[in-house]
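Undergrad: Here it is: the structure, laid out below.
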Amino acid sequence: MGAWVRGVMAGLRRLLTSHPRWMAATAAGFGALAGVGGYTFQYAEGLSYLSNDPRACVNCHIMNDQYDSWLKGSHHAAATCADCHLPHGFFEKYAAKARNGWNHSKAFTLQNFPEPIRITPFNRAALQHNCIECHRGMTGAIAAHADVGTDEARCTDCHRSAGHMQLR
């Protein structure tokens, strides 16, 4: 693959240096793309998503109900959105943030998401894992005798409003 990439880059370099219009058009295209991308990232408060601040989750108004219910919920003083909804490993956490960010921005831009908002299977698995890890002292005996990592038995089946007050 390295040779293929080098070949493409060499061909692109020849094209751009032999055709000044191509070079100007390519530079303008990259500049426009960088400008629009930078503006969108700034407008969407992109840097806030790198933090663990729960207010980042309400940058998009669609999450206001979830945020308000978390403020009233039992885990408000103990856990943030990221503590429950994202993997805890550094790389896994930021990979999940990138994946969720892409999916959320696409869904909200295209307005093709279910209402009320529903947790995805990927995030449901992270939530289940995090419930068990944080409450290992209480769940250890249950986990030893049941397959709590599957959809057959989820913590939220019984503890529906643990992290959030029951939504409408």
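Just so we're on the same page: first chain in the structure tokens is A, next is B, and so on; residues restart at 1 for each chain, and ligands are numbered from 1 in the order they show up.
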Can you pull out every residue within 12 Å of A:His159, counting only C-alpha atoms, but drop anything in the same chain fewer than 3 positions away, and send it as a ChimeraX atom specification?
TA: /A:73-75,128,131,153-156,162-166
Undergrad: Any idea what's packed within 7 Å of stretch 120-123 of chain A, counting only C-alpha atoms, ignoring anything in its chain fewer than 4 positions away? Could you give it as a list in words?
TA: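 Skipping anything fewer than 4 positions along the chain leaves His85, Leu86 and Leu127 of chain A.
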Undergrad: Using only C-alpha atoms, determine which residues lie at most 12 Å from A:Cys57, disregarding the query and same-chain residues fewer than 6 positions distant; provide the list as an NGL selection string.
TA: :A and (44-46 or 48-51 or 63-68 or 70 or 80-82 or 85 or 97 or 100-101 or 104)
Undergrad: Using the selection just defined, write its residues with N, CA and C atoms as a compact mmCIF listing (two decimals), in the first residue's frame.
TA:
# COMPACT_ATOMS: atom_id res chain seq x y z
N ALA A 44 -20.18 24.75 16.48
CA ALA A 44 -20.76 23.62 17.20
C ALA A 44 -20.09 23.38 18.55
N GLU A 45 -19.16 24.27 18.91
CA GLU A 45 -18.42 24.15 20.18
C GLU A 45 -17.72 22.79 20.27
N GLY A 46 -17.04 22.44 19.20
CA GLY A 46 -16.39 21.14 19.07
C GLY A 46 -15.42 20.80 20.18
N SER A 48 -15.62 21.51 23.25
CA SER A 48 -16.32 21.15 24.49
C SER A 48 -16.57 19.65 24.57
N TYR A 49 -16.66 18.99 23.43
CA TYR A 49 -16.93 17.55 23.43
C TYR A 49 -15.71 16.74 23.86
N LEU A 50 -14.57 17.35 23.93
CA LEU A 50 -13.38 16.64 24.40
C LEU A 50 -13.33 16.60 25.93
N SER A 51 -14.18 17.36 26.58
CA SER A 51 -14.21 17.41 28.04
C SER A 51 -15.19 16.37 28.59
N MET A 63 -31.02 17.31 23.50
CA MET A 63 -30.65 16.56 24.70
C MET A 63 -31.05 17.27 26.00
N ASN A 64 -31.78 18.36 25.92
CA ASN A 64 -32.15 19.10 27.12
C ASN A 64 -32.93 18.26 28.12
N ASP A 65 -33.88 17.46 27.68
CA ASP A 65 -34.66 16.62 28.60
C ASP A 65 -33.76 15.63 29.34
N GLN A 66 -32.82 15.02 28.61
CA GLN A 66 -31.91 14.07 29.25
C GLN A 66 -31.02 14.77 30.27
N TYR A 67 -30.52 15.93 29.93
CA TYR A 67 -29.68 16.68 30.85
C TYR A 67 -30.46 17.10 32.10
N ASP A 68 -31.66 17.64 31.91
CA ASP A 68 -32.48 18.07 33.04
C ASP A 68 -32.83 16.88 33.94
N TRP A 70 -31.04 14.16 34.31
CA TRP A 70 -29.81 13.78 35.01
C TRP A 70 -29.57 14.70 36.20
N THR A 80 -20.89 11.72 35.68
CA THR A 80 -21.24 12.58 34.55
C THR A 80 -21.76 11.70 33.41
N CYS A 81 -22.18 12.34 32.35
CA CYS A 81 -22.67 11.60 31.17
C CYS A 81 -21.60 10.62 30.69
N ALA A 82 -20.35 11.08 30.59
CA ALA A 82 -19.27 10.25 30.09
C ALA A 82 -18.98 9.08 31.01
N HIS A 85 -21.96 6.66 30.02
CA HIS A 85 -22.28 6.35 28.63
C HIS A 85 -21.08 6.08 27.73
N LYS A 97 -16.29 8.85 21.54
CA LYS A 97 -16.72 10.25 21.39
C LYS A 97 -16.72 10.64 19.91
N ASN A 100 -19.69 8.76 18.26
CA ASN A 100 -20.95 9.38 18.66
C ASN A 100 -21.10 10.77 18.05
N GLY A 101 -20.01 11.53 18.03
CA GLY A 101 -20.06 12.88 17.45
C GLY A 101 -20.44 12.84 15.99
N HIS A 104 -24.15 11.70 15.81
CA HIS A 104 -25.06 12.74 16.28
C HIS A 104 -25.13 13.89 15.28
Undergrad: Set the distance at 10 Å and use only C-alpha atoms: which residues neighbour stretch 108-116 of chain A once local chain neighbours fewer than 2 positions away are removed? I'd like the list as a count of residues only.
TA: 12
